[in-house]
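Novice: Quick one: the structure is below, and I'll ask about it shortly.
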Amino acid sequence: MTQPVGWRLGVMTSLCVDHVQQSWQQCIVENVRLLDRVSSRKAALGTLYLTATHVIFVENASETRKETWVLHSQISSIEKQATTATGCPLLIRCKNFQVIHLIIPQERDCHDVYISLIRLARPVKYEELYCFSFNPKLDKEERERGWKLVDLNEEYNRMGIPNNYWQISDVNRDYGVCDSYPTEVYVPKSATAHIIVGSSKFRSRRRFPALSYYCKDNNTSICRSSQPLSGFSARCLEDEQMLQAIRKANPGSDFLYVVDTRPKLNAMANRAAGKGYENEDNYSNIKFQFIGIENIHVMRNSLQKMLEVCELKSPSMSDFLWGLENSGWLKHIKAIMDAGIFIAKVLIEKDWVSFGHKFNHRYGNLDGDPKEISPVIDQFIECVWQLMEQFPCAFEFNERFLIHVQHHIYSCQFGNFLCNSQKERRELKIQERTYSLWAHLWKNRADYLNPLYRSDHSQTQATLHPQIASCNFLYKFWSGMYNRFEKGMHPRQSVTDYLMAVKEETQQLEEELEVLGERLASLQKVQSNDNKVKSKQQDQNKELGRSTSNISLANTPQEYNSNLKSFPSRSPSQGDEEDSALILTQDNLKSSDPDLSANSDQESGVEDLSCRSPSNGGCLPSEDSGKDSDEAVFLAV
Amino acid sequence: KVLQLEIPGMEECLNVASSIEALSSVDSVMMLYPFFYRPPSLRLEAGWHLFPLERYYQQITSQWRLSSINRDFSACPTYPPAVIVPAAVDDEALRKAARFRQGGRFPVLSYYHRKNGTVMLRSSQPLTGPNRKRCREDELLLGTVLDEGERGFIIDTRSAQAAKQARMTGGGTEPKASYPRWKRLHRPLERGRPLQESFAKLVDACNDTALTMDRWLSRLESCRWLSHVKAALSTACLAAQCLDREEACVLVHGAEGTDTTLLVTALAQLILDPGCRTLAGFQGLLEREWIEAGHPFHLRCARSAYSHARLKQEAPLFLLFLDCVWQLSRQFPFSLEFGEQLLLTLFDNAYASSYGTFLGNNEKERCLCKVKESTHSLWAWLNEPGEKKKYLNPLYSHNALVIWPSVEPQSIQLWQGLFFRWIRSSEYLDEAWAEIQRLVENDDTSVEESAGNGQSQAPLDTTAQTENKR
């Protein structure tokens, strides 16, 4: 192995031996081929490395040495296919929708890799997760500040809470009432501890109705809770009082909408298990509404089916559309959006809502076993994207932000999305032992800004009104997410990045202009030369031109035809030239882009690592190996 | 777009209906609106001779010549008076080759790829017929296009099966034996009735408010419109790939050579040639490859999607082209100088226009009706400074490279700006567009201002100025 790759590996390496009980040699497999997902003809020969945290594939092609990095926690499934004449195929599917298709020459090696990965991808203890070993070299204060970036209490303050109607309750202070709720819960002022505790006993997993969102413009609110344990006829006085209290905390509303996100059939079936839904007769002034969002198992299957469609090798337009429809994914997205729209409308109409059941779609700080809930958070993120497509100026963040958040929900590189509840996170001392994603994203916030966002814009001022009448057709397949790693499929030029650059330039030039104006004034006084400023300013202009042309293009033709082979291509070198142009634009990708871990060339690769661990050996858990991480790798080479 | 009017009184309603019916299907071309439309700001003759073929010919090497064989439209009634042909082939040979091609559309130069000197030709199908007739002049014409040892591709926009069947009706395709250096590739593209039905179905689906999400995608699929878009783009890319990557000459034809042929040649040029991606270049491309090349606009773009009579000749090929251009503009947002608004305007004008540009089916008809003398040109209007601004893409920056689009289904999208134009409000998208424009213009003005500021310094400091230039 040559040096540069070596030290980069070293940066990431904590000893593989610890986990896999294998020697270094066996963690490296040479002459592995990485197949291109879109065109099967393109395959890259290279070397596969397994480390404690990543699967790394380094291409042999000497000038690019393209690297593909995959965190073990991103791995969703590993499939070993039947050995063929060319080798043993290994298919690694990731939670961020990347699919890596490897062909390993020796069946035995393939088996070893397969067994190791199965072990590495399914850690038993939280402590094995990457975030506990990930160390971006921040000092303690910075780490703490990172965790304080998003403060839920501040969020509620923004909504105007506490106020005359709502207050913080400490009833759950030691998680005594509900272990999956945080310690501080916002409830109506008139709800006493007795009512809350009584109500919680009548709710699945004791998730009593609590405030989720408060609209201070018209004093309406969204609450959420789990399903009541009503069975066929059970009642609970305290729960009825709780809902009554909520209704009273919304002055001016005569009704409380209880929105059940399940299909009615599912809710009714649950009654047999002693659960169910609120009986309108028992609660005063509630209106009950079912919104048929299917359960997580249906959603997971739907996502699965859609991903299979994405994996099809050169499908026809019909295959694709049929597959997409059969997966039902967009139908589910629409159902969720409809629910959101219904609730928003109700809010606007000065009514108010309490959720009969967990409505994760609104619940940003999702906690839970990723296996159990995975499609739900994906769906929430996609819903936001669908809204962004309809309201391009309304969101301060851009598509990249959503994709990176999705990536890190599964990467386990940061502690934010770990565990199932605040209780578990506290027990694990997540805040002391891991880093916050929000700090990381905040650091690179320039990459995540939507250049079209203006805080004074009509789209940002008021509630969004998605188009309901014809919104059927407006929901689109999100190839930016689900075919994220097939770069060739996406628009080759990023309007967002270009506009951001333009915006920055404008600002710079305006500042420059100001400086020049001042200089000019003084010049006119002194009548002296000032060519320094001017030449600087001209450089600036040139720079702008360059950055625009950099973004402008990188592109290679695809397989438009398979018969062409009969004519040998006469310009092999030409192809390479434009291929390298393609890599050039990947340079333009932001250093914070986790994709870089998948497609990094030499220059950006270095940058990429620096964002993950700014100094060498930063992420190593043990102190002693931190200094000479280079050696750790070269031992193996 | 559907307008629903409520008219009091049965009789009046019927009168209005029959008047509209009669007025919207005027028989004589000379009675159409463009012959009466006289906007005050335009001169009648402006814009008609913006893109002479002579100018296009200037870029091409001496192996080609500009022939005026068709001055009186005798060789080919659907070709313009001037065409570019191999210099080594004389007019007499052309005349004979024309007799061997349907409608007289002998192979002519459509595009010259300056990067490597390869060319794209277009024609109609050869009239081989069931007896496998041959034509020496036609073989010679295609033979001289290729240098010693070179090979070329013939892209037939019909399936091999359909091309074979065409022999029964006198048509056919170039047999390998008579054109040994040309390799035939069949890329079937939909045309005529099926394409029109696809379009009508799509418009129905888009207007069906009762349609639910779970059936929308299969409805979209059953229209097959996006499949046609994908096929058209793929075929154009194939042609472009032959020219640019294989460095081989290409001949494109289907049957008549006036529909799918033009779709492929025009798209391929847009992909290959940065010159075609400017506003003026695109107008020139349309003029050359659609209007002068004889796409029968009058027959194809008569009734749009709602043709009750199901006119036999109606087919939205030009719309399919515009849709493909839109797909390119979506995938390469900086590379086209014009925006969606231009494509929409072109669509509108192809179907109903105050201007004469899209009138008639070919140059011969336009000549007979004196279109250029008695109507206004659409280009003259579009190029008015105030008007032109609406069509420019603020993000445009010249891109000298070939733009290879992705033709994966995931990358092909429904053109909402057209098909949902009257269904949804585009208020928010327009706002975003205005914001983009504002950002870019802000930048331009501040660049100009600071440049201007630098200029004002010049008299003070000329030596520094020249140094900087170096």
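Chain labels follow the order of the structure tokens: the first chain is A, the next B, and so on; residue numbering restarts at 1 in every chain, and ligands are counted from 1 in their shown order.
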Restrict the calculation to only C-alpha atoms, then for each residue of chain B with any atom at most 6 Å from an atom of chain A give the closest atom pair and their distance in Å to one decimal, rows by chain and rising residue number, as CSV.

Specialist:
```
residue,atom,partner,partner_atom,distance
B:Met213,CA,A:Asn472,CA,5.1
B:Asp214,CA,A:Lys331,CA,5.4
B:Leu217,CA,A:Glu325,CA,5.5
B:Glu221,CA,A:Ser318,CA,5.7
B:Ser227,CA,A:Met317,CA,5.2
B:Ser234,CA,A:Tyr560,CA,5.7
B:Leu238,CA,A:Tyr560,CA,5.5
B:Glu246,CA,A:Ser569,CA,5.4
B:Gln331,CA,A:Pro491,CA,3.9
B:Phe332,CA,A:Gln493,CA,5.7
B:Trp404,CA,A:Pro557,CA,5.0
B:Ser406,CA,A:Met489,CA,5.4
B:Pro409,CA,A:Met317,CA,5.2
B:Ser411,CA,A:Met489,CA,5.6
B:Tyr428,CA,A:Phe391,CA,5.7
B:Ala432,CA,A:Cys393,CA,5.8
B:Asp443,CA,A:Thr506,CA,4.7
B:Ser450,CA,A:Leu513,CA,5.5
B:Ala464,CA,A:Asn531,CA,5.9
```

Novice: What are the DSSP strand (DSSP E) residues of segment 109-218 of chain B, as a PyMOL selection string?

Specialist: chain B and resi 109-113+118-122+152-156+182-186

Novice: May I have the selected residues written with N, CA, C and O atoms, as a PDB file, in the first residue's frame?

Specialist:
```
ATOM      1  N   LEU B 109     -26.882  17.669 -44.993  1.00  0.00           N
ATOM      2  CA  LEU B 109     -26.188  17.899 -43.742  1.00  0.00           C
ATOM      3  C   LEU B 109     -27.119  18.587 -42.746  1.00  0.00           C
ATOM      4  O   LEU B 109     -27.796  19.561 -43.066  1.00  0.00           O
ATOM      5  N   SER B 110     -27.125  18.037 -41.549  1.00  0.00           N
ATOM      6  CA  SER B 110     -27.948  18.639 -40.510  1.00  0.00           C
ATOM      7  C   SER B 110     -27.062  19.343 -39.486  1.00  0.00           C
ATOM      8  O   SER B 110     -27.392  20.402 -38.980  1.00  0.00           O
ATOM      9  N   TYR B 111     -25.912  18.730 -39.202  1.00  0.00           N
ATOM     10  CA  TYR B 111     -25.041  19.298 -38.164  1.00  0.00           C
ATOM     11  C   TYR B 111     -23.596  18.939 -38.444  1.00  0.00           C
ATOM     12  O   TYR B 111     -23.279  17.810 -38.817  1.00  0.00           O
ATOM     13  N   TYR B 112     -22.733  19.919 -38.282  1.00  0.00           N
ATOM     14  CA  TYR B 112     -21.305  19.712 -38.455  1.00  0.00           C
ATOM     15  C   TYR B 112     -20.654  19.831 -37.086  1.00  0.00           C
ATOM     16  O   TYR B 112     -20.749  20.861 -36.421  1.00  0.00           O
ATOM     17  N   HIS B 113     -19.994  18.736 -36.646  1.00  0.00           N
ATOM     18  CA  HIS B 113     -19.398  18.713 -35.305  1.00  0.00           C
ATOM     19  C   HIS B 113     -17.970  19.237 -35.414  1.00  0.00           C
ATOM     20  O   HIS B 113     -17.069  18.528 -35.855  1.00  0.00           O
ATOM     21  N   THR B 118     -16.835  15.469 -37.767  1.00  0.00           N
ATOM     22  CA  THR B 118     -17.873  14.525 -38.177  1.00  0.00           C
ATOM     23  C   THR B 118     -19.176  15.262 -38.426  1.00  0.00           C
ATOM     24  O   THR B 118     -19.358  16.393 -37.975  1.00  0.00           O
ATOM     25  N   VAL B 119     -20.085  14.614 -39.133  1.00  0.00           N
ATOM     26  CA  VAL B 119     -21.334  15.284 -39.477  1.00  0.00           C
ATOM     27  C   VAL B 119     -22.533  14.400 -39.169  1.00  0.00           C
ATOM     28  O   VAL B 119     -22.422  13.180 -39.086  1.00  0.00           O
ATOM     29  N   MET B 120     -23.652  15.050 -38.985  1.00  0.00           N
ATOM     30  CA  MET B 120     -24.922  14.340 -38.868  1.00  0.00           C
ATOM     31  C   MET B 120     -25.758  14.703 -40.088  1.00  0.00           C
ATOM     32  O   MET B 120     -25.915  15.881 -40.425  1.00  0.00           O
ATOM     33  N   LEU B 121     -26.255  13.683 -40.755  1.00  0.00           N
ATOM     34  CA  LEU B 121     -27.097  13.891 -41.924  1.00  0.00           C
ATOM     35  C   LEU B 121     -28.512  13.464 -41.580  1.00  0.00           C
ATOM     36  O   LEU B 121     -28.731  12.694 -40.653  1.00  0.00           O
ATOM     37  N   ARG B 122     -29.457  13.964 -42.349  1.00  0.00           N
ATOM     38  CA  ARG B 122     -30.820  13.425 -42.210  1.00  0.00           C
ATOM     39  C   ARG B 122     -31.450  13.270 -43.586  1.00  0.00           C
ATOM     40  O   ARG B 122     -31.067  13.947 -44.537  1.00  0.00           O
ATOM     41  N   GLY B 152     -19.718   4.682 -40.698  1.00  0.00           N
ATOM     42  CA  GLY B 152     -20.749   5.574 -40.160  1.00  0.00           C
ATOM     43  C   GLY B 152     -21.911   4.783 -39.603  1.00  0.00           C
ATOM     44  O   GLY B 152     -21.993   3.571 -39.755  1.00  0.00           O
ATOM     45  N   PHE B 153     -22.779   5.501 -38.915  1.00  0.00           N
ATOM     46  CA  PHE B 153     -23.973   4.865 -38.341  1.00  0.00           C
ATOM     47  C   PHE B 153     -25.230   5.425 -39.002  1.00  0.00           C
ATOM     48  O   PHE B 153     -25.328   6.629 -39.230  1.00  0.00           O
ATOM     49  N   ILE B 154     -26.152   4.539 -39.297  1.00  0.00           N
ATOM     50  CA  ILE B 154     -27.478   4.997 -39.708  1.00  0.00           C
ATOM     51  C   ILE B 154     -28.412   4.732 -38.535  1.00  0.00           C
ATOM     52  O   ILE B 154     -28.552   3.595 -38.092  1.00  0.00           O
ATOM     53  N   ILE B 155     -28.980   5.782 -37.995  1.00  0.00           N
ATOM     54  CA  ILE B 155     -29.942   5.589 -36.907  1.00  0.00           C
ATOM     55  C   ILE B 155     -31.337   5.645 -37.497  1.00  0.00           C
ATOM     56  O   ILE B 155     -31.777   6.689 -37.994  1.00  0.00           O
ATOM     57  N   ASP B 156     -31.994   4.495 -37.516  1.00  0.00           N
ATOM     58  CA  ASP B 156     -33.352   4.396 -38.051  1.00  0.00           C
ATOM     59  C   ASP B 156     -34.303   4.506 -36.875  1.00  0.00           C
ATOM     60  O   ASP B 156     -34.192   3.736 -35.922  1.00  0.00           O
ATOM     61  N   TRP B 182     -21.761   1.540 -43.655  1.00  0.00           N
ATOM     62  CA  TRP B 182     -22.716   2.132 -42.723  1.00  0.00           C
ATOM     63  C   TRP B 182     -23.334   1.028 -41.874  1.00  0.00           C
ATOM     64  O   TRP B 182     -23.835   0.053 -42.381  1.00  0.00           O
ATOM     65  N   LYS B 183     -23.316   1.236 -40.578  1.00  0.00           N
ATOM     66  CA  LYS B 183     -23.942   0.264 -39.674  1.00  0.00           C
ATOM     67  C   LYS B 183     -25.289   0.802 -39.227  1.00  0.00           C
ATOM     68  O   LYS B 183     -25.397   1.956 -38.804  1.00  0.00           O
ATOM     69  N   ARG B 184     -26.292  -0.040 -39.371  1.00  0.00           N
ATOM     70  CA  ARG B 184     -27.648   0.407 -39.048  1.00  0.00           C
ATOM     71  C   ARG B 184     -28.003   0.110 -37.601  1.00  0.00           C
ATOM     72  O   ARG B 184     -27.741  -0.976 -37.097  1.00  0.00           O
ATOM     73  N   LEU B 185     -28.556   1.103 -36.918  1.00  0.00           N
ATOM     74  CA  LEU B 185     -29.058   0.901 -35.557  1.00  0.00           C
ATOM     75  C   LEU B 185     -30.545   1.261 -35.562  1.00  0.00           C
ATOM     76  O   LEU B 185     -30.919   2.309 -36.076  1.00  0.00           O
ATOM     77  N   HIS B 186     -31.362   0.395 -35.011  1.00  0.00           N
ATOM     78  CA  HIS B 186     -32.797   0.695 -34.971  1.00  0.00           C
ATOM     79  C   HIS B 186     -33.193   1.161 -33.586  1.00  0.00           C
ATOM     80  O   HIS B 186     -32.915   0.498 -32.593  1.00  0.00           O
TER      81      HIS B 186
END
```

Novice: Counting only C-alpha atoms, figure out which residue out of A:Ile403, A:Ala267, A:Ala121, A:Leu307 gets nearest to Asn295 of chain A.

Specialist: A:Ala267

Novice: Find the spatial neighbours of Thr261 of chain A, counting only C-alpha atoms, within a cut-off of 6 Å - ignore same-chain residues fewer than 6 positions away - and output them as a list in words.

Specialist: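 With the cut-off at 6 Å, the set is Phe290, Ile291, Gly292 and Ile293 of chain A.
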
Novice: Using backbone DSSP assignments, extract all alpha helix (DSSP H) residues from segment 182-253 of chain A; output them as JSON, numbers by chain.

Specialist: {"A": [193, 194, 195, 196, 197, 198, 199, 200, 201, 237, 238, 239, 240, 241, 242, 243, 244, 245, 246, 247, 248]}

Novice: Would you export the selected residues with C-alpha atoms as a compact mmCIF listing (two decimals), in the first residue's frame, please?

Specialist:
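The file below, result_24.txt, is the result:
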```txt
# COMPACT_ATOMS: atom_id res chain seq x y z
CA ALA A 193 -50.48 15.89 39.28
CA HIS A 194 -53.31 13.60 40.30
CA ILE A 195 -55.03 14.02 36.94
CA ILE A 196 -51.80 13.50 35.03
CA VAL A 197 -50.84 10.36 36.88
CA GLY A 198 -54.37 9.03 36.60
CA SER A 199 -54.48 9.75 32.92
CA SER A 200 -51.09 8.18 32.35
CA LYS A 201 -52.29 4.91 33.81
CA LEU A 237 -62.17 9.80 35.00
CA GLU A 238 -58.75 11.43 35.21
CA ASP A 239 -58.14 10.97 31.50
CA GLU A 240 -61.47 12.58 30.75
CA GLN A 241 -60.52 15.42 33.07
CA MET A 242 -57.16 15.74 31.33
CA LEU A 243 -58.76 16.24 27.95
CA GLN A 244 -61.22 18.64 29.50
CA ALA A 245 -58.29 20.61 30.93
CA ILE A 246 -56.65 20.73 27.53
CA ARG A 247 -59.80 22.00 25.95
CA LYS A 248 -60.07 24.72 28.58
```

Novice: If we count only C-alpha atoms and set the cut-off at 10 Å, which residues sit around segment 435-443 of chain A, ignoring sequence neighbours fewer than 3 positions away in its own chain? Please answer as a PyMOL selection string.

Specialist: chain A and resi 131-132+134-136+138+142-150+401+404-405+408-409+412-417+430-432+446-448+592+611-612

Novice: Could you please take those selected residues and save C-alpha atoms as an mmCIF file, in the first residue's frame?

Specialist:
```cif
data_model
loop_
_atom_site.group_PDB
_atom_site.id
_atom_site.type_symbol
_atom_site.label_atom_id
_atom_site.label_comp_id
_atom_site.auth_asym_id
_atom_site.auth_seq_id
_atom_site.Cartn_x
_atom_site.Cartn_y
_atom_site.Cartn_z
ATOM 1 C CA CYS A 131 -20.210 8.058 18.537
ATOM 2 C CA PHE A 132 -18.517 6.823 21.692
ATOM 3 C CA PHE A 134 -15.708 9.568 17.590
ATOM 4 C CA ASN A 135 -13.658 12.499 18.727
ATOM 5 C CA PRO A 136 -13.616 15.694 16.708
ATOM 6 C CA LEU A 138 -13.361 19.720 20.741
ATOM 7 C CA GLU A 142 -17.388 23.276 23.024
ATOM 8 C CA ARG A 143 -18.928 19.878 23.465
ATOM 9 C CA GLU A 144 -21.303 21.206 26.075
ATOM 10 C CA ARG A 145 -22.185 24.161 23.940
ATOM 11 C CA GLY A 146 -22.970 21.754 21.117
ATOM 12 C CA TRP A 147 -25.501 19.976 23.250
ATOM 13 C CA LYS A 148 -27.084 23.231 24.285
ATOM 14 C CA LEU A 149 -27.606 24.447 20.739
ATOM 15 C CA VAL A 150 -31.068 23.031 20.638
ATOM 16 C CA PHE A 401 -29.299 19.488 5.192
ATOM 17 C CA HIS A 404 -27.159 14.828 5.975
ATOM 18 C CA VAL A 405 -29.508 14.652 8.926
ATOM 19 C CA HIS A 408 -26.440 10.870 10.652
ATOM 20 C CA ILE A 409 -29.586 9.458 12.174
ATOM 21 C CA CYS A 412 -24.400 6.836 15.043
ATOM 22 C CA GLN A 413 -21.505 9.218 14.778
ATOM 23 C CA PHE A 414 -23.266 11.678 17.035
ATOM 24 C CA GLY A 415 -25.229 10.938 20.156
ATOM 25 C CA ASN A 416 -28.415 12.780 19.263
ATOM 26 C CA PHE A 417 -30.423 9.935 17.865
ATOM 27 C CA ILE A 430 -24.749 10.583 26.181
ATOM 28 C CA GLN A 431 -24.128 14.273 26.557
ATOM 29 C CA GLU A 432 -20.889 13.747 28.379
ATOM 30 C CA ALA A 446 -23.119 27.797 5.199
ATOM 31 C CA ASP A 447 -23.443 24.554 3.274
ATOM 32 C CA TYR A 448 -26.948 23.976 4.471
ATOM 33 C CA SER A 592 -19.015 18.565 5.292
ATOM 34 C CA CYS A 611 -13.902 17.332 9.142
ATOM 35 C CA ARG A 612 -14.443 14.009 10.747
#
```

Novice: Any idea what's packed within 10 Å of Gln63 of chain B, counting only C-alpha atoms, ignoring anything in its chain fewer than 3 positions away? Could you give it as a VMD selection string?

Specialist: chain B and resid 60 85 to 88 144 to 145

Novice: Which residues are near segment 95-108 of chain B? Cut-off 7 Å, only C-alpha atoms, ignore same chain within fewer than 3 positions. Put them as a VMD selection string.

Specialist: chain B and resid 75 to 76 83 to 85 91 to 92 121 to 127 135 137 to 138 256

Novice: Could you turn the residues from that selection into a file that holds C-alpha atoms, as a PDB file, in the first residue's frame?

Specialist:
```pdb
ATOM      1  CA  ALA B  75     -36.218  18.327 -56.105  1.00  0.00           C
ATOM      2  CA  CYS B  76     -37.971  18.103 -52.774  1.00  0.00           C
ATOM      3  CA  VAL B  83     -29.332  22.688 -48.607  1.00  0.00           C
ATOM      4  CA  ILE B  84     -25.820  21.591 -47.644  1.00  0.00           C
ATOM      5  CA  VAL B  85     -24.521  18.509 -49.444  1.00  0.00           C
ATOM      6  CA  ASP B  91     -26.918  18.532 -58.548  1.00  0.00           C
ATOM      7  CA  GLU B  92     -27.764  15.940 -61.167  1.00  0.00           C
ATOM      8  CA  LEU B 121     -27.097  13.891 -41.924  1.00  0.00           C
ATOM      9  CA  ARG B 122     -30.820  13.425 -42.210  1.00  0.00           C
ATOM     10  CA  SER B 123     -33.085  12.113 -44.920  1.00  0.00           C
ATOM     11  CA  SER B 124     -36.243  10.071 -45.396  1.00  0.00           C
ATOM     12  CA  GLN B 125     -36.324   6.308 -45.948  1.00  0.00           C
ATOM     13  CA  PRO B 126     -34.904   4.920 -49.196  1.00  0.00           C
ATOM     14  CA  LEU B 127     -37.504   3.597 -51.622  1.00  0.00           C
ATOM     15  CA  CYS B 135     -29.686   3.807 -56.397  1.00  0.00           C
ATOM     16  CA  GLU B 137     -26.245   8.112 -56.707  1.00  0.00           C
ATOM     17  CA  ASP B 138     -27.651   7.661 -53.243  1.00  0.00           C
ATOM     18  CA  GLU B 256     -40.877  10.428 -43.937  1.00  0.00           C
TER      19      GLU B 256
END
```

Novice: Expressed in Å to a single decimal, how great is the separation between atom CA of His111 of chain A and atom CA of Pro89 of chain A?

Specialist: 10.3 Å
